[in-house]
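Q: Below is my_file_28.txt; it holds compact mmCIF, C-alpha atoms.
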```txt
# COMPACT_ATOMS: atom_id res chain seq x y z
CA MET A 126 -30.12 -17.27 -20.88
CA LEU A 127 -30.55 -20.83 -19.67
CA ASN A 128 -27.45 -22.18 -18.02
CA VAL A 129 -27.14 -25.80 -19.09
CA VAL A 130 -24.88 -26.70 -16.20
CA ASP A 131 -27.80 -26.12 -13.84
CA LEU A 132 -29.97 -28.84 -15.42
CA PRO A 133 -30.12 -32.32 -13.85
CA THR A 134 -28.05 -34.96 -15.61
CA PHE A 135 -29.92 -37.98 -14.33
CA GLY A 136 -26.68 -39.91 -14.25
CA MET A 137 -26.10 -39.37 -18.00
CA PRO A 138 -23.00 -37.88 -19.66
CA THR A 139 -22.71 -34.20 -18.85
CA THR A 140 -22.07 -32.64 -22.28
CA PRO A 141 -24.05 -29.37 -22.63
CA ALA A 142 -26.10 -30.51 -25.64
CA PHE A 143 -27.05 -33.86 -24.13
CA THR A 144 -27.99 -32.27 -20.82
CA LEU A 145 -30.24 -29.76 -22.59
CA PHE A 146 -31.82 -32.38 -24.83
CA VAL A 147 -32.61 -34.99 -22.19
CA GLY A 148 -34.32 -32.31 -20.18
CA LEU A 149 -37.10 -32.17 -22.78
CA PRO A 150 -40.16 -34.48 -22.67
CA SER A 151 -40.26 -37.43 -25.05
CA SER A 152 -43.21 -35.92 -26.92
CA ALA A 153 -41.27 -32.73 -27.56
CA ARG A 154 -38.30 -34.67 -28.82
CA LEU A 155 -40.54 -36.73 -31.14
CA ALA A 156 -42.37 -33.64 -32.43
CA GLY A 157 -39.11 -31.91 -33.16
CA SER A 158 -37.78 -34.90 -35.03
CA SER A 159 -40.95 -35.18 -37.17
CA PHE A 160 -40.87 -31.46 -37.99
CA PHE A 161 -37.27 -31.39 -39.18
CA PHE A 162 -36.67 -34.79 -40.63
CA GLY A 163 -39.97 -36.54 -41.21
CA ALA A 164 -40.32 -40.26 -40.74
CA ILE A 165 -36.87 -41.23 -39.60
CA SER A 166 -35.88 -43.27 -36.64
CA GLU A 167 -35.91 -41.70 -33.19
CA ARG A 168 -32.37 -42.85 -32.60
CA ARG A 169 -31.10 -41.03 -35.68
CA ASP A 170 -33.22 -38.06 -34.71
CA CYS A 171 -31.49 -37.91 -31.38
CA ARG A 172 -28.07 -37.83 -33.00
CA ILE A 173 -29.01 -35.06 -35.43
CA MET A 174 -30.79 -33.00 -32.79
CA LEU A 175 -27.77 -33.29 -30.54
CA SER A 176 -25.55 -32.01 -33.35
CA LEU A 177 -27.83 -29.05 -33.99
CA HIS A 178 -28.00 -28.16 -30.34
CA SER A 179 -24.21 -28.41 -30.01
CA ALA A 180 -23.74 -26.09 -32.98
CA ALA A 181 -26.17 -23.54 -31.57
CA ILE A 182 -24.69 -23.60 -28.09
CA SER A 183 -21.17 -23.20 -29.49
CA PHE A 184 -22.13 -19.73 -30.75
CA ALA A 185 -23.96 -18.69 -27.59
CA PRO A 186 -22.21 -16.10 -25.36
CA THR A 187 -20.74 -17.52 -22.19
CA ALA A 188 -19.40 -16.00 -18.99
CA PRO A 189 -15.63 -15.37 -19.15
CA LEU A 190 -13.41 -17.66 -17.18
CA ARG A 191 -11.85 -16.12 -14.06
CA SER A 192 -8.31 -16.84 -13.14
CA PRO A 193 -7.46 -17.89 -9.58
CA ALA A 194 -5.59 -14.61 -9.14
CA ALA A 195 -8.65 -12.57 -10.12
CA THR A 196 -10.85 -14.60 -7.82
CA ALA A 197 -8.44 -14.18 -4.93
CA ALA A 198 -8.16 -10.44 -5.58
CA SER A 199 -11.94 -10.06 -5.53
CA ASN A 200 -12.06 -11.75 -2.13
CA VAL A 201 -9.53 -9.39 -0.50
CA ARG A 202 -10.95 -7.97 2.72
CA MET A 203 -10.09 -4.41 3.66
CA GLU A 204 -10.16 -3.05 7.20
CA THR A 205 -13.30 -1.55 8.71
CA VAL A 206 -14.03 0.59 11.76
CA ALA A 207 -14.56 -2.62 13.75
CA ASP A 208 -11.02 -3.71 12.87
CA LEU A 209 -9.67 -0.34 14.00
CA GLU A 210 -11.50 -0.61 17.29
CA ALA A 211 -10.03 -4.06 17.91
CA LEU A 212 -6.52 -2.86 16.98
CA ALA A 213 -6.89 0.21 19.22
CA LYS A 214 -7.64 -2.03 22.19
CA GLU A 215 -4.47 -4.00 21.50
CA CYS A 216 -2.36 -0.85 21.17
CA ASN A 217 -3.78 0.92 24.23
CA PRO A 218 -6.52 -0.76 26.28
CA VAL A 219 -6.96 2.39 28.39
CA ILE A 220 -7.68 4.89 25.62
CA GLY A 221 -9.05 2.45 23.03
CA PHE A 222 -10.44 3.74 19.75
CA TYR A 223 -10.11 7.53 19.49
CA ASP A 224 -11.43 9.41 16.46
CA PRO A 225 -12.68 12.82 17.67
CA LEU A 226 -12.85 14.25 14.13
CA GLY A 227 -14.86 11.33 12.79
CA LEU A 228 -12.47 10.71 9.91
CA THR A 229 -13.40 7.03 9.70
CA LYS A 230 -17.18 7.54 9.75
CA GLY A 231 -19.52 7.58 6.77
CA ASP A 232 -17.82 7.84 3.39
CA GLY A 233 -14.61 9.21 4.87
CA PHE A 234 -13.14 12.24 3.17
CA ALA A 235 -12.63 13.01 -0.52
CA GLY A 236 -15.49 10.63 -1.29
CA TRP A 237 -13.26 7.57 -1.07
CA GLY A 238 -15.52 5.40 1.03
CA GLU A 239 -14.98 4.01 4.51
CA GLU A 240 -12.58 1.17 3.73
CA GLU A 241 -10.45 3.23 1.32
CA THR A 242 -10.26 6.06 3.86
CA ILE A 243 -9.20 3.65 6.61
CA GLY A 244 -6.51 2.21 4.32
CA PHE A 245 -5.20 5.73 3.62
CA LEU A 246 -5.16 6.72 7.30
CA ARG A 247 -3.52 3.46 8.39
CA GLN A 248 -0.81 3.85 5.74
CA ALA A 249 -0.24 7.48 6.73
CA GLU A 250 0.12 6.66 10.42
CA ILE A 251 2.51 3.75 9.85
CA LYS A 252 4.63 5.72 7.39
CA HIS A 253 4.83 8.84 9.55
CA GLY A 254 5.59 6.70 12.58
CA ARG A 255 8.51 5.01 10.82
CA VAL A 256 9.90 8.34 9.59
CA ALA A 257 9.51 9.83 13.08
CA MET A 258 11.36 6.90 14.69
CA ALA A 259 14.26 7.36 12.29
CA GLY A 260 14.14 11.14 12.75
CA PHE A 261 14.06 10.85 16.54
CA VAL A 262 17.25 8.77 16.54
CA GLY A 263 18.86 11.09 14.00
CA PHE A 264 17.94 14.17 16.01
CA CYS A 265 19.53 12.69 19.14
CA VAL A 266 22.68 11.60 17.29
CA GLY A 267 23.11 14.92 15.48
CA THR A 268 22.43 17.08 18.53
CA ASN A 269 25.09 15.20 20.49
CA GLY A 270 27.69 15.87 17.81
CA ILE A 271 28.10 12.23 16.71
CA HIS A 272 29.28 12.08 13.09
CA PHE A 273 31.29 10.10 10.56
CA PRO A 274 35.05 10.70 10.65
CA TRP A 275 35.50 11.29 6.89
CA ASN A 276 34.52 14.02 4.43
CA LEU A 277 31.09 14.46 2.93
CA ALA A 278 32.58 16.07 -0.18
CA ASN A 279 35.78 17.81 -1.23
CA GLY A 280 36.56 20.35 1.46
CA ILE A 281 33.41 19.56 3.47
CA SER A 282 33.72 17.21 6.43
CA TYR A 283 31.02 15.67 8.55
CA GLU A 284 32.66 17.38 11.50
CA SER A 285 31.95 20.80 9.99
CA ILE A 286 28.32 19.82 9.43
CA ALA A 287 27.97 18.63 13.03
CA ALA A 288 29.44 21.93 14.25
CA ALA A 289 26.45 23.80 12.82
CA GLY A 290 24.49 23.07 16.01
CA SER A 291 21.03 21.56 16.20
CA ALA A 292 19.75 18.93 13.80
CA PRO A 293 17.77 21.42 11.64
CA ALA A 294 20.83 23.67 11.44
CA GLN A 295 22.92 20.70 10.29
CA TRP A 296 20.44 20.09 7.48
CA ASP A 297 20.79 23.74 6.42
CA ALA A 298 24.58 23.33 6.41
CA LEU A 299 24.48 20.47 3.89
CA PRO A 300 25.54 21.31 0.31
CA THR A 301 22.69 21.86 -2.12
CA ASN A 302 23.60 18.78 -4.17
CA ALA A 303 23.51 16.62 -1.04
CA LYS A 304 20.00 17.86 -0.22
CA LEU A 305 18.83 17.16 -3.78
CA GLN A 306 20.23 13.63 -3.64
CA ILE A 307 18.51 12.91 -0.32
CA LEU A 308 15.17 14.35 -1.43
CA GLY A 309 15.43 12.53 -4.75
CA PHE A 310 16.05 9.19 -3.03
CA ILE A 311 13.12 9.78 -0.68
CA GLY A 312 10.94 10.62 -3.68
CA LEU A 313 11.97 7.37 -5.42
CA LEU A 314 11.07 5.33 -2.36
CA GLU A 315 7.73 7.11 -2.16
CA ILE A 316 6.95 6.42 -5.82
CA LEU A 317 7.76 2.73 -5.42
CA SER A 318 5.50 2.43 -2.37
CA GLU A 319 2.59 3.90 -4.36
CA SER A 320 3.30 2.26 -7.73
CA THR A 321 0.81 -0.43 -8.73
CA TYR A 322 3.44 -1.98 -11.00
CA ALA A 323 6.06 -2.21 -8.23
CA LEU A 324 3.53 -3.67 -5.81
CA GLU A 325 2.34 -6.27 -8.32
CA GLN A 326 5.91 -7.50 -8.81
CA SER A 327 5.83 -8.55 -5.14
CA GLY A 328 2.28 -9.94 -5.31
CA MET A 329 0.89 -6.94 -3.42
CA LYS A 330 -1.92 -4.47 -3.96
CA HIS A 331 -2.27 -0.78 -3.15
CA TYR A 332 -3.36 -0.10 0.42
CA MET A 333 -6.53 1.63 -0.84
CA LYS A 334 -7.37 -1.24 -3.19
CA GLY A 335 -7.19 -4.24 -0.92
CA GLY A 336 -3.50 -4.14 0.01
CA LYS A 337 -1.95 -4.21 3.46
CA PRO A 338 -1.14 -0.80 4.97
CA GLY A 339 2.57 -0.42 5.71
CA ALA A 340 3.68 -3.17 3.32
CA TYR A 341 6.60 -2.18 1.07
CA PRO A 342 7.36 -3.91 -2.25
CA SER A 343 10.52 -5.91 -2.71
CA LEU A 344 13.20 -3.99 -4.59
CA LYS A 345 14.70 -7.27 -5.78
CA ALA A 346 11.43 -8.24 -7.49
CA ILE A 347 11.53 -5.19 -9.78
CA PRO A 348 13.41 -5.77 -13.07
CA TRP A 349 16.00 -3.01 -12.67
CA PRO A 350 18.74 -2.55 -15.29
CA HIS A 351 21.15 -3.52 -12.50
CA PRO A 352 20.22 -6.13 -9.86
CA VAL A 353 19.50 -4.88 -6.35
CA PRO A 354 21.14 -7.07 -3.68
CA LEU A 355 19.01 -6.00 -0.69
CA ASP A 356 15.45 -4.92 -0.04
CA PHE A 357 14.61 -1.61 1.58
CA PHE A 358 12.31 -3.31 4.09
CA ASP A 359 13.86 -6.16 6.09
CA PRO A 360 17.04 -6.28 3.97
CA PHE A 361 18.51 -9.26 5.84
CA GLY A 362 15.31 -11.33 5.93
CA LEU A 363 15.04 -11.35 9.71
CA GLN A 364 11.23 -11.36 9.62
CA LYS A 365 10.88 -14.03 6.95
CA ASN A 366 10.52 -16.92 9.40
CA MET A 367 8.57 -15.06 12.09
CA SER A 368 5.30 -16.61 13.21
CA PRO A 369 2.07 -14.70 12.46
CA GLU A 370 1.59 -14.14 16.20
CA LYS A 371 5.03 -12.56 16.56
CA LYS A 372 4.46 -10.36 13.50
CA ALA A 373 1.12 -9.18 14.88
CA LYS A 374 2.76 -8.33 18.21
CA GLY A 375 5.55 -6.47 16.40
CA LEU A 376 2.99 -4.48 14.42
CA VAL A 377 1.33 -3.28 17.63
CA ALA A 378 4.74 -2.32 19.06
CA GLU A 379 5.63 -0.46 15.84
CA ILE A 380 2.41 1.56 15.95
CA ASN A 381 2.91 2.52 19.60
CA ASN A 382 6.59 3.39 19.11
CA GLY A 383 5.74 5.40 16.00
CA ARG A 384 3.12 7.43 17.82
CA LEU A 385 5.52 8.14 20.65
CA ALA A 386 8.26 9.11 18.18
CA MET A 387 5.93 11.57 16.42
CA LEU A 388 5.20 13.27 19.73
CA GLY A 389 8.92 13.27 20.55
CA MET A 390 9.84 14.89 17.23
CA MET A 391 7.27 17.63 17.70
CA ALA A 392 8.68 18.24 21.19
CA PHE A 393 12.23 18.52 19.77
CA VAL A 394 11.17 20.97 17.07
CA ALA A 395 9.08 23.06 19.47
CA GLU A 396 11.90 23.34 21.98
CA SER A 397 14.44 24.26 19.31
CA LYS A 398 12.22 27.05 17.94
CA VAL A 399 10.77 28.27 21.26
CA PRO A 400 13.23 27.54 24.09
CA GLY A 401 11.43 26.55 27.25
CA SER A 402 8.24 25.49 25.48
CA VAL A 403 8.92 21.88 26.54
CA PRO A 404 10.06 22.10 30.17
CA VAL A 405 11.59 18.61 30.32
CA LEU A 406 13.84 19.49 27.35
CA LYS A 407 14.87 22.95 28.52
CA GLY A 408 18.59 23.43 28.01
CA LEU A 409 18.99 20.11 26.20
CA ILE A 410 18.04 21.15 22.65
CA PRO A 411 20.09 23.88 20.89
CA ALA A 412 18.03 26.82 19.63
CA TYR A 413 17.31 27.06 15.89
CA SER A 414 16.56 30.35 14.14
CA GLY A 415 15.74 28.95 10.69
CA GLU A 416 12.51 27.64 9.20
CA VAL A 417 11.93 24.02 10.16
CA MET A 418 9.29 23.49 7.46
CA ALA A 419 11.45 24.76 4.60
CA PRO A 420 13.52 22.10 2.80
CA PHE A 421 15.95 24.73 1.49
CA SER A 422 17.73 27.67 3.11
CA ALA A 423 19.61 30.78 1.95
CA SER A 424 22.58 28.63 0.94
CA ASP A 425 20.33 27.03 -1.72
CA SER A 426 19.17 30.29 -3.32
CA SER A 427 20.68 29.21 -6.64
CA LEU A 428 17.78 26.76 -7.06
CA PRO A 429 14.64 27.96 -8.88
CA PHE A 430 11.95 29.58 -6.69
CA VAL A 431 13.97 29.18 -3.48
CA GLY A 432 14.68 32.92 -3.29
CA ASP A 433 10.99 33.72 -3.69
CA MET A 434 10.11 31.17 -1.03
CA LEU A 435 12.55 32.65 1.47
CA SER A 436 11.38 36.22 0.84
CA TRP A 437 7.69 35.40 1.26
CA VAL A 438 6.05 36.83 4.39
CA ALA A 439 2.75 35.65 5.80
CA PRO A 440 -0.02 38.26 5.51
CA PHE A 441 -1.09 37.81 9.12
```
Mind turning the file's structure into structure tokens?
A:
Amino acid sequence: MLNVVDLPTFGMPTTPAFTLFVGLPSSARLAGSSFFFGAISERRDCRIMLSLHSAAISFAPTAPLRSPAATAASNVRMETVADLEALAKECNPVIGFYDPLGLTKGDGFAGWGEEETIGFLRQAEIKHGRVAMAGFVGFCVGTNGIHFPWNLANGISYESIAAAGSAPAQWDALPTNAKLQILGFIGLLEILSESTYALEQSGMKHYMKGGKPGAYPSLKAIPWPHPVPLDFFDPFGLQKNMSPEKKAKGLVAEINNGRLAMLGMMAFVAESKVPGSVPVLKGLIPAYSGEVMAPFSASDSSLPFVGDMLSWVAPF
């Protein structure tokens, strides 16, 4: 279809009908006027022809208008392998970009495409790094017997939990209801981080659809039945006034610290299950005889399927 806005206006008014009409030769305009209206003045012919053209164009299909938000969303740039290579140099100039399994090459895995796969991997690394940093501190605090002075529940004190031994053993010593509350809260945080609705309330997008990996939506922006006073990420607004350069430097530090914390957590777990497997930690980490990958233990056998899980034996 002819787009009237692309025709030259020759300095004349830029209404669609006039622009289309003045683009025709004088002979065509005169022939059209004679065909439809006979011997009438050319001036009147122009007015009538303009009216007819306006009526026709008003029923012609047009391209839908795009809001600024839609235009901005379509221009969102996701990370590529080149971005990862540049970030890797900032994180560790010696090792640089390291992808021995080729996870970021081609269409990635699960048929997501390169950029979606990179978004998934970046989010996974940042999230696991943050959890590992918190877990590393918690492991050190728990193993050294540091605890709150009050009771966790009626008849159950934090002191009795700390006396269970290593950090995994302390988790096993928690009451079943306490474990369910912790896992339920973690599940809620996970749902919010993946929810398109929650992200949109903060003006964000999903990390696989143009969003920023590691970004967490504001809890205060979600219309809860009860107002939430603080956000989960940066609750006191300490990063609000940071310069982009300082934020970029902090991101590199977070990635490096997260990677180190993940290695540290694996070392703690290995030493607790196989004493002496990490020579530098020998004698520092209490031994643990339970199953580190099981969220529930024998004390939680009242829950559905827990008994079956505990009785299962690997076939090899």
Q: Separation of atom CA of A:Arg384 and atom CA of A:Phe261, in Å?
A: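 Distance reported for this atom pair: 11.5 Å.
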Q: Just checking: using all atoms listed in the file, which residue out of A:Ser402, A:Asn382, A:Thr301, A:Gln364 ends up closest to A:Val431?
A: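 Checking each of A:Ser402, A:Asn382, A:Thr301, A:Gln364 against A:Val431, counting all atoms listed in the file, the winner is A:Thr301.
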Q: Can you tell me which residues surround A:Ser343 at a distance of at most 10 Å, considering all atoms listed in the file, apart from same-chain residues fewer than 5 positions away, and format the answer as a VMD selection string?
A: chain A and resid 317 to 318 323 to 329 353 355 to 360
Q: So how many Å separate atom CA of A:Lys304 and atom CA of A:Ser282, to one decimal?
A: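 Computed distance, atom CA of A:Lys304 to atom CA of A:Ser282, equals 15.3 Å.
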Q: Can you pull out the residues contacting A:Leu406? Cut-off 10 Å, using all atoms listed in the file, and skip same-chain residues under 6 positions away; I want them as an MDAnalysis selection string.
A: chainID A and resid 392:393 395:397 400
Q: Take the residues from that selection and put them in a file with C-alpha atoms, as a JSON list (two decimals), keeping the file's coordinate frame.
A:
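Everything below was put into result07.json:
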```
[["chain", "number", "residue", "atom", "x", "y", "z"],
["A", 392, "ALA", "CA", 8.68, 18.24, 21.19],
["A", 393, "PHE", "CA", 12.23, 18.52, 19.77],
["A", 395, "ALA", "CA", 9.08, 23.06, 19.47],
["A", 396, "GLU", "CA", 11.90, 23.34, 21.98],
["A", 397, "SER", "CA", 14.44, 24.26, 19.31],
["A", 400, "PRO", "CA", 13.23, 27.54, 24.09]]
```
Q: What separation in Å, quoted to one decimal, exists between atom CA of A:Ala287 and atom CA of A:Gln306?
A: 19.0 Å
Q: Excluding A:Val394 and its own-chain neighbours fewer than 2 positions away, which residues fall within 9 Å of it when counting only C-alpha atoms? Please give them as a PyMOL selection string.
A: chain A and resi 293+389-392+396-399+410+413+417
Q: Between A:Asn269, A:Ser422, A:Thr205, A:Asn276, which has the minimum distance to A:Glu241 (counting only C-alpha atoms)?
A: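 Once distances to A:Glu241 are computed over only C-alpha atoms, the minimum belongs to A:Thr205.
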Q: Near A:Tyr332, counting only C-alpha atoms, which residues have an atom at most 8 Å away, once you skip same-chain residues fewer than 2 positions from it, shown as a ChimeraX atom specification?
A: /A:241,244-245,248,330,334-339
Q: Select, from A:Leu299, A:Met387, A:Met367, A:Leu277, the residue with the minimum atom-to-atom distance to A:Ile251, counting all atoms listed in the file.
A: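 Between A:Leu299, A:Met387, A:Met367, A:Leu277, the residue approaching A:Ile251 most closely is A:Met387.
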Q: What's the 12 Å shell around A:Ala303, counting all atoms listed in the file, without same-chain residues fewer than 4 positions away, as a tab-separated table (two decimals) with C-alpha atoms, in the coordinates of the input?
A:
```tsv
chain	number	residue	atom	x	y	z
A	277	LEU	CA	31.09	14.46	2.93
A	278	ALA	CA	32.58	16.07	-0.18
A	281	ILE	CA	33.41	19.56	3.47
A	286	ILE	CA	28.32	19.82	9.43
A	296	TRP	CA	20.44	20.09	7.48
A	297	ASP	CA	20.79	23.74	6.42
A	298	ALA	CA	24.58	23.33	6.41
A	299	LEU	CA	24.48	20.47	3.89
A	307	ILE	CA	18.51	12.91	-0.32
A	308	LEU	CA	15.17	14.35	-1.43
A	309	GLY	CA	15.43	12.53	-4.75
A	310	PHE	CA	16.05	9.19	-3.03
A	421	PHE	CA	15.95	24.73	1.49
A	425	ASP	CA	20.33	27.03	-1.72
```
Q: Restricting the calculation to only C-alpha atoms, which member of A:Gly270, A:Gly432, A:Gly254, A:Pro300 is positioned closest to A:Ala419?
A: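 The answer is A:Gly432, which sits nearest to A:Ala419.
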Q: Ranking A:Asp433, A:Leu376, A:Ile316, A:Ser424 by minimum distance to A:Pro342 and counting all atoms listed in the file, which one comes first?
A: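 Of the candidates, the smallest distance to A:Pro342 is held by A:Ile316.
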